[in-house]
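> Contents are compact mmCIF, C-alpha atoms; file name coords-v7.txt:
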# COMPACT_ATOMS: atom_id res chain seq x y z
CA MET A 1 0.00 0.00 0.00
CA PRO A 2 1.25 3.54 -0.69
CA GLU A 3 2.58 5.44 2.25
CA LEU A 4 -0.25 7.06 4.15
CA ARG A 5 0.74 9.91 6.39
CA LYS A 6 -0.55 13.14 7.77
CA ILE A 7 1.24 16.34 6.81
CA ASN A 8 1.22 19.33 9.12
CA LEU A 9 1.70 22.39 6.92
CA ALA A 10 3.38 24.55 9.57
CA GLU A 11 5.91 21.80 10.37
CA ALA A 12 6.56 21.12 6.70
CA PHE A 13 7.16 24.80 5.96
CA SER A 14 9.51 25.10 8.92
CA ALA A 15 11.70 22.35 7.49
CA PHE A 16 13.07 24.43 4.61
CA GLN A 17 14.05 28.03 4.04
CA GLU A 18 14.74 28.43 0.32
CA THR A 19 12.43 30.80 -1.49
CA TRP A 20 11.09 30.18 -5.02
CA SER A 21 11.95 26.50 -4.67
CA PRO A 22 8.69 24.56 -4.24
CA ARG A 23 8.70 21.24 -2.40
CA VAL A 24 6.37 18.47 -3.52
CA GLY A 25 4.01 17.56 -0.70
CA GLY A 26 2.35 14.63 -2.41
CA ASP A 27 0.75 13.30 -5.58
CA ILE A 28 -2.96 13.24 -6.30
CA ASN A 29 -3.23 11.33 -9.57
CA ASP A 30 -1.32 13.52 -12.06
CA PHE A 31 -1.58 16.56 -9.80
CA GLN A 32 0.75 17.63 -7.04
CA ILE A 33 0.48 19.67 -3.91
CA LYS A 34 3.55 21.86 -3.50
CA LEU A 35 4.75 24.02 -0.64
CA ALA A 36 6.58 27.20 -1.57
CA LYS A 37 8.09 30.21 0.14
CA PHE A 38 8.02 33.47 -1.77
CA GLU A 39 9.99 36.63 -1.13
CA GLY A 40 9.47 39.84 -3.08
CA ALA A 41 8.58 39.66 -6.77
CA PHE A 42 8.90 36.63 -9.03
CA HIS A 43 8.54 37.57 -12.73
CA TRP A 44 5.85 37.73 -15.34
CA HIS A 45 5.02 34.40 -16.96
CA HIS A 46 2.16 32.17 -17.96
CA HIS A 47 1.51 28.46 -18.33
CA GLU A 48 0.34 27.36 -21.74
CA HIS A 49 -1.79 24.42 -20.62
CA GLU A 50 -1.92 24.41 -16.86
CA ASP A 51 -4.15 26.15 -14.35
CA GLU A 52 -2.57 26.92 -10.99
CA LEU A 53 -4.10 27.26 -7.55
CA PHE A 54 -2.34 29.43 -4.96
CA LEU A 55 -3.51 29.10 -1.35
CA VAL A 56 -1.77 31.43 1.07
CA THR A 57 -1.08 29.99 4.52
CA LYS A 58 1.13 32.77 5.92
CA GLY A 59 2.00 36.33 4.95
CA LYS A 60 0.67 38.38 2.07
CA LEU A 61 0.71 37.56 -1.63
CA ARG A 62 -0.01 40.11 -4.31
CA MET A 63 -1.01 38.37 -7.53
CA GLN A 64 -0.41 40.75 -10.37
CA LEU A 65 -2.47 39.86 -13.43
CA ARG A 66 -1.69 41.44 -16.77
CA GLU A 67 -5.16 41.35 -18.23
CA ALA A 68 -7.42 41.47 -15.20
CA ASP A 69 -10.02 44.20 -15.15
CA GLY A 70 -9.97 44.30 -11.40
CA GLY A 71 -6.23 44.80 -11.09
CA ASP A 72 -4.08 42.93 -8.60
CA LEU A 73 -5.45 40.48 -6.08
CA LEU A 74 -4.06 40.72 -2.56
CA LEU A 75 -4.30 37.44 -0.62
CA GLY A 76 -3.73 36.67 3.03
CA PRO A 77 -3.82 33.42 5.02
CA GLY A 78 -6.80 31.23 4.18
CA GLU A 79 -7.33 32.82 0.77
CA TYR A 80 -6.76 31.29 -2.64
CA VAL A 81 -6.89 32.14 -6.31
CA ILE A 82 -6.88 29.95 -9.40
CA VAL A 83 -4.85 31.46 -12.23
CA PRO A 84 -6.15 29.94 -15.47
CA ARG A 85 -3.79 28.72 -18.17
CA GLY A 86 -2.67 31.42 -20.55
CA VAL A 87 -3.09 34.24 -18.06
CA GLU A 88 0.09 36.20 -17.48
CA HIS A 89 0.80 36.65 -13.81
CA CYS A 90 3.52 37.80 -11.45
CA PRO A 91 3.31 36.51 -7.86
CA THR A 92 4.79 39.00 -5.42
CA ALA A 93 5.19 38.40 -1.71
CA GLU A 94 4.84 41.45 0.52
CA PRO A 95 7.43 40.91 1.84
CA THR A 96 7.36 37.13 2.34
CA CYS A 97 4.68 34.45 2.32
CA GLU A 98 4.05 30.73 2.40
CA VAL A 99 1.88 29.26 -0.31
CA VAL A 100 0.32 25.89 -1.08
CA LEU A 101 0.21 25.24 -4.82
CA LEU A 102 -2.03 22.74 -6.57
CA GLU A 103 -1.23 22.01 -10.17
CA ARG A 104 -0.38 19.30 -12.65
CA ASN A 105 2.86 17.49 -12.00
CA SER A 106 4.02 18.73 -15.40
CA THR A 107 3.87 22.38 -14.35
CA VAL A 108 7.22 24.18 -14.31
CA ASN A 109 7.40 27.10 -11.91
CA THR A 110 8.54 29.68 -14.45
CA GLY A 111 6.03 28.65 -17.10
CA ASN A 112 6.92 29.96 -20.57
CA VAL A 113 10.07 31.65 -19.29
CA GLU A 114 13.38 29.88 -18.73
CA ASN A 115 15.67 31.64 -16.30
CA ASP A 116 17.80 31.12 -13.22
CA ARG A 117 14.68 30.54 -11.14
CA THR A 118 13.49 27.64 -13.23
CA VAL A 119 13.38 24.51 -11.08
CA ARG A 120 12.71 21.16 -12.76
CA ASP A 121 13.68 18.65 -10.11
CA LEU A 122 11.76 19.58 -7.03
CA GLY A 123 12.61 18.28 -3.61
CA ARG A 124 10.00 16.54 -1.54
CA ILE A 125 8.89 17.19 1.99
CA MET B 1 -10.79 35.83 -19.86
CA PRO B 2 -12.06 33.40 -17.20
CA GLU B 3 -13.30 34.91 -13.99
CA LEU B 4 -10.44 35.67 -11.68
CA ARG B 5 -11.32 36.09 -8.07
CA LYS B 6 -9.97 35.57 -4.63
CA ILE B 7 -11.74 33.10 -2.37
CA ASN B 8 -11.63 33.49 1.39
CA LEU B 9 -12.13 30.02 2.86
CA ALA B 10 -13.72 31.18 6.12
CA GLU B 11 -16.25 33.32 4.25
CA ALA B 12 -17.01 30.57 1.76
CA PHE B 13 -17.57 28.01 4.53
CA SER B 14 -19.86 30.41 6.39
CA ALA B 15 -22.11 30.66 3.34
CA PHE B 16 -23.52 27.12 3.63
CA GLN B 17 -24.48 24.76 6.41
CA GLU B 18 -25.24 21.39 4.82
CA THR B 19 -22.94 18.58 5.84
CA TRP B 20 -21.70 15.90 3.43
CA SER B 21 -22.57 18.12 0.50
CA PRO B 22 -19.34 19.47 -0.99
CA ARG B 23 -19.33 22.77 -2.86
CA VAL B 24 -17.06 23.23 -5.85
CA GLY B 25 -14.66 26.07 -5.21
CA GLY B 26 -13.06 26.14 -8.64
CA ASP B 27 -11.56 24.11 -11.46
CA ILE B 28 -7.86 23.48 -11.95
CA ASN B 29 -7.70 21.70 -15.30
CA ASP B 30 -9.63 18.46 -14.72
CA PHE B 31 -9.29 18.77 -10.95
CA GLN B 32 -11.54 20.60 -8.55
CA ILE B 33 -11.17 22.18 -5.18
CA LYS B 34 -14.21 21.43 -3.03
CA LEU B 35 -15.31 22.75 0.34
CA ALA B 36 -17.13 20.33 2.60
CA LYS B 37 -18.58 20.23 6.09
CA PHE B 38 -18.51 16.89 7.86
CA GLU B 39 -20.43 15.81 10.93
CA GLY B 40 -19.91 12.45 12.61
CA ALA B 41 -19.09 9.40 10.54
CA PHE B 42 -19.50 9.05 6.77
CA HIS B 43 -19.21 5.42 5.65
CA TRP B 44 -16.57 3.07 4.34
CA HIS B 45 -15.82 3.42 0.63
CA HIS B 46 -13.01 3.70 -1.84
CA HIS B 47 -12.42 5.32 -5.21
CA GLU B 48 -11.33 2.98 -7.95
CA HIS B 49 -9.21 5.44 -9.93
CA GLU B 50 -9.00 8.65 -7.97
CA ASP B 51 -6.69 9.84 -5.23
CA GLU B 52 -8.18 12.33 -2.77
CA LEU B 53 -6.57 15.07 -0.73
CA PHE B 54 -8.25 16.15 2.52
CA LEU B 55 -7.01 19.39 4.11
CA VAL B 56 -8.67 20.26 7.40
CA THR B 57 -9.31 23.96 8.00
CA LYS B 58 -11.45 23.73 11.13
CA GLY B 59 -12.30 21.03 13.69
CA LYS B 60 -11.00 17.49 13.89
CA LEU B 61 -11.13 14.76 11.26
CA ARG B 62 -10.43 11.14 12.00
CA MET B 63 -9.52 9.31 8.82
CA GLN B 64 -10.18 5.63 9.38
CA LEU B 65 -8.17 3.47 6.99
CA ARG B 66 -9.00 -0.19 6.58
CA GLU B 67 -5.55 -1.43 5.66
CA ALA B 68 -3.24 1.06 7.32
CA ASP B 69 -0.62 -0.37 9.62
CA GLY B 70 -0.60 2.79 11.67
CA GLY B 71 -4.32 2.83 12.32
CA ASP B 72 -6.44 5.96 12.08
CA LEU B 73 -5.03 9.37 11.29
CA LEU B 74 -6.34 12.26 13.36
CA LEU B 75 -6.10 15.61 11.58
CA GLY B 76 -6.60 19.15 12.84
CA PRO B 77 -6.52 22.55 11.13
CA GLY B 78 -3.58 22.96 8.74
CA GLU B 79 -3.10 19.21 8.30
CA TYR B 80 -3.76 17.10 5.23
CA VAL B 81 -3.71 13.53 4.04
CA ILE B 82 -3.80 12.04 0.56
CA VAL B 83 -5.87 8.87 0.40
CA PRO B 84 -4.66 6.89 -2.62
CA ARG B 85 -7.10 5.26 -5.02
CA GLY B 86 -8.24 1.84 -3.93
CA VAL B 87 -7.73 2.47 -0.24
CA GLU B 88 -10.87 1.97 1.79
CA HIS B 89 -11.50 4.88 4.13
CA CYS B 90 -14.15 6.31 6.38
CA PRO B 91 -13.89 10.04 7.16
CA THR B 92 -15.29 10.84 10.60
CA ALA B 93 -15.61 14.31 12.04
CA GLU B 94 -15.16 14.63 15.79
CA PRO B 95 -17.75 16.05 16.08
CA THR B 96 -17.69 18.46 13.11
CA CYS B 97 -15.06 19.79 10.77
CA GLU B 98 -14.47 21.82 7.63
CA VAL B 99 -12.38 20.27 4.91
CA VAL B 100 -10.87 21.35 1.61
CA LEU B 101 -10.87 18.49 -0.89
CA LEU B 102 -8.72 18.30 -3.96
CA GLU B 103 -9.59 15.61 -6.47
CA ARG B 104 -10.50 14.93 -10.08
CA ASN B 105 -13.77 16.48 -11.22
CA SER B 106 -15.00 12.93 -11.91
CA THR B 107 -14.78 11.92 -8.25
CA VAL B 108 -18.10 11.06 -6.62
CA ASN B 109 -18.18 11.59 -2.87
CA THR B 110 -19.34 8.08 -1.98
CA GLY B 111 -16.90 6.32 -4.30
CA ASN B 112 -17.84 2.71 -4.98
CA VAL B 113 -20.96 2.96 -2.80
CA GLU B 114 -24.27 4.39 -3.95
CA ASN B 115 -26.49 5.57 -1.12
CA ASP B 116 -28.55 8.51 0.10
CA ARG B 117 -25.40 10.54 0.63
CA THR B 118 -24.28 10.25 -2.97
CA VAL B 119 -24.18 13.72 -4.52
CA ARG B 120 -23.59 14.04 -8.25
CA ASP B 121 -24.53 17.63 -8.99
CA LEU B 122 -22.53 19.73 -6.62
CA GLY B 123 -23.32 23.35 -5.94
CA ARG B 124 -20.67 25.99 -6.38
CA ILE B 125 -19.48 28.63 -4.01
If you took the structure in this file and wrote it as structure tokens, what would it be?

Amino acid sequence: MPELRKINLAEAFSAFQETWSPRVGGDINDFQIKLAKFEGAFHWHHHEHEDELFLVTKGKLRMQLREADGGDLLLGPGEYVIVPRGVEHCPTAEPTCEVVLLERNSTVNTGNVENDRTVRDLGRI
Amino acid sequence: MPELRKINLAEAFSAFQETWSPRVGGDINDFQIKLAKFEGAFHWHHHEHEDELFLVTKGKLRMQLREADGGDLLLGPGEYVIVPRGVEHCPTAEPTCEVVLLERNSTVNTGNVENDRTVRDLGRI
């Protein structure tokens, strides 16, 4: 039988410090839950085929959205947003935050952009 | 562009009272985030093809697992478990809890069992 365990988010987040380096917290079919720490601004990007859910558990996250009528979304703990595929976005922590991501296991953090923040082999909690 | 909005979990949970009647909180490709209120015991079931993530946001959830060596898992706010497909489980709130579910949009709440708690057309928040 697959390993069955309980994950405590606060404990899992306390076990790593790197920002912009999501940890895989488990597989749900071809989706993954990832834990990430953000600090300041990431960069503008989009995902061609993949929607992305961001659930803030600590701190403040400003989700800048290029095409949104309503402007930025500012999220605090217990708030989430789903950024649909194709929508250009720039996650910005003010000044730091902890975020649970839910997305396909094929999703690369920097989307259509390849740069020094691109992480392909994620660690696991 | 698809609707882009922020969801506050506490507000969304306060907007409905029915137990064992998950509300869809958004689509992430072919997955969905669902908000559910549990009270007491559900019943034993499994999902043939679908893994299920349970994240507790309020209250206590005992996840009974038929085959687990470690016995039940008891989860509180900020804790989650992924129940793999095929694993028989019985979620039991002690006495009530609020849970965020992440699973394929094809997942039916009662899995392999059809009974009066089976809900096929879920409301949306």
> Excluding region 22-38 of chain B and its own-chain neighbours fewer than 5 positions away, which residues fall within 6 Å of it when counting only C-alpha atoms? Please give them as an MDAnalysis selection string.
(chainID A and resid 51) or (chainID B and resid 93 96:105 122:125)
> Can I get the selection written as a PDB file, in the frame of the given file, with C-alpha atoms?

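What follows is the written file out.pdb:
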ATOM      1  CA  ASP A  51      -4.150  26.150 -14.350  1.00  0.00           C
TER       2      ASP A  51
ATOM      3  CA  ALA B  93     -15.610  14.310  12.040  1.00  0.00           C
ATOM      4  CA  THR B  96     -17.690  18.460  13.110  1.00  0.00           C
ATOM      5  CA  CYS B  97     -15.060  19.790  10.770  1.00  0.00           C
ATOM      6  CA  GLU B  98     -14.470  21.820   7.630  1.00  0.00           C
ATOM      7  CA  VAL B  99     -12.380  20.270   4.910  1.00  0.00           C
ATOM      8  CA  VAL B 100     -10.870  21.350   1.610  1.00  0.00           C
ATOM      9  CA  LEU B 101     -10.870  18.490  -0.890  1.00  0.00           C
ATOM     10  CA  LEU B 102      -8.720  18.300  -3.960  1.00  0.00           C
ATOM     11  CA  GLU B 103      -9.590  15.610  -6.470  1.00  0.00           C
ATOM     12  CA  ARG B 104     -10.500  14.930 -10.080  1.00  0.00           C
ATOM     13  CA  ASN B 105     -13.770  16.480 -11.220  1.00  0.00           C
ATOM     14  CA  LEU B 122     -22.530  19.730  -6.620  1.00  0.00           C
ATOM     15  CA  GLY B 123     -23.320  23.350  -5.940  1.00  0.00           C
ATOM     16  CA  ARG B 124     -20.670  25.990  -6.380  1.00  0.00           C
ATOM     17  CA  ILE B 125     -19.480  28.630  -4.010  1.00  0.00           C
TER      18      ILE B 125
END
> For CA of Leu53 (chain A) and CA of Glu48 (chain B), determine how far apart the two atoms are, in Å to one decimal place.
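Distance between the two atoms: 25.3 Å.
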> Rank nothing, just name the residue among A:Leu9, A:Gly111, A:Asp121, A:Ser106 nearest to Leu55 (chain B), using only C-alpha atoms.
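Of all the options, A:Leu9 lies closest to Leu55 (chain B).
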> Mind giving me the straight-line distance from CA of Ile82 (chain B) to CA of Leu4 (chain B) in Å, one decimal?
27.4 Å
> I'd like the box whose edges run along x, y and z of the file and which contains every listed atom of region 17-22 of chain B, padded by 3 Å per side; could you state its centre and edge lengths in Å, one decimal, as JSON?

{"center_x": -22.3, "center_y": 20.3, "center_z": 2.7, "size_x": 11.9, "size_y": 14.9, "size_z": 13.4}
> Let me make sure I understand: among A:Gln64, A:Gln17, A:Thr57, A:Asn8, which one has the smallest atom-to-atom distance to chain B if we use all atoms listed in the file?
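Result for the nearest residue to chain B: A:Asn8.
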> Mind checking which residues fall within 9 Å of His47 (chain A), counting all atoms listed in the file, ignoring those fewer than 4 positions away in the same chain, and posting them as a PDB file with C-alpha atoms, in the coordinates of the input?

ATOM      1  CA  ASP A  51      -4.150  26.150 -14.350  1.00  0.00           C
ATOM      2  CA  GLU A  52      -2.570  26.920 -10.990  1.00  0.00           C
ATOM      3  CA  PRO A  84      -6.150  29.940 -15.470  1.00  0.00           C
ATOM      4  CA  ARG A  85      -3.790  28.720 -18.170  1.00  0.00           C
ATOM      5  CA  GLY A  86      -2.670  31.420 -20.550  1.00  0.00           C
ATOM      6  CA  VAL A  87      -3.090  34.240 -18.060  1.00  0.00           C
ATOM      7  CA  GLU A  88       0.090  36.200 -17.480  1.00  0.00           C
ATOM      8  CA  THR A 107       3.870  22.380 -14.350  1.00  0.00           C
ATOM      9  CA  VAL A 108       7.220  24.180 -14.310  1.00  0.00           C
ATOM     10  CA  ASN A 109       7.400  27.100 -11.910  1.00  0.00           C
ATOM     11  CA  THR A 110       8.540  29.680 -14.450  1.00  0.00           C
ATOM     12  CA  GLY A 111       6.030  28.650 -17.100  1.00  0.00           C
ATOM     13  CA  ASN A 112       6.920  29.960 -20.570  1.00  0.00           C
TER      14      ASN A 112
END
> Between CA of Ala41 (chain B) and CA of Ala10 (chain A), what distance in Å does the model show, to one decimal?
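A separation of 27.1 Å between them.
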> Go through A:Ala12, A:Cys90, A:Leu74, A:Val81 one by one, measure the shortest atom-to-atom distance of each to chain B using only C-alpha atoms, and give the residue with the smallest value.
A:Val81
> Between B:Glu67, B:Asp116, B:Glu50, B:Lys58, which residue has the minimum interatomic distance to Tyr80 (chain B), considering all atoms listed in the file?
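Checking each candidate against Tyr80 (chain B), we get B:Lys58 as the closest.
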> Taking all atoms listed in the file into account, which of B:Val83, B:Val56, B:Ala15, B:Val113 comes nearest chain A?
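Checking each candidate against chain A, we get B:Val83 as the closest.
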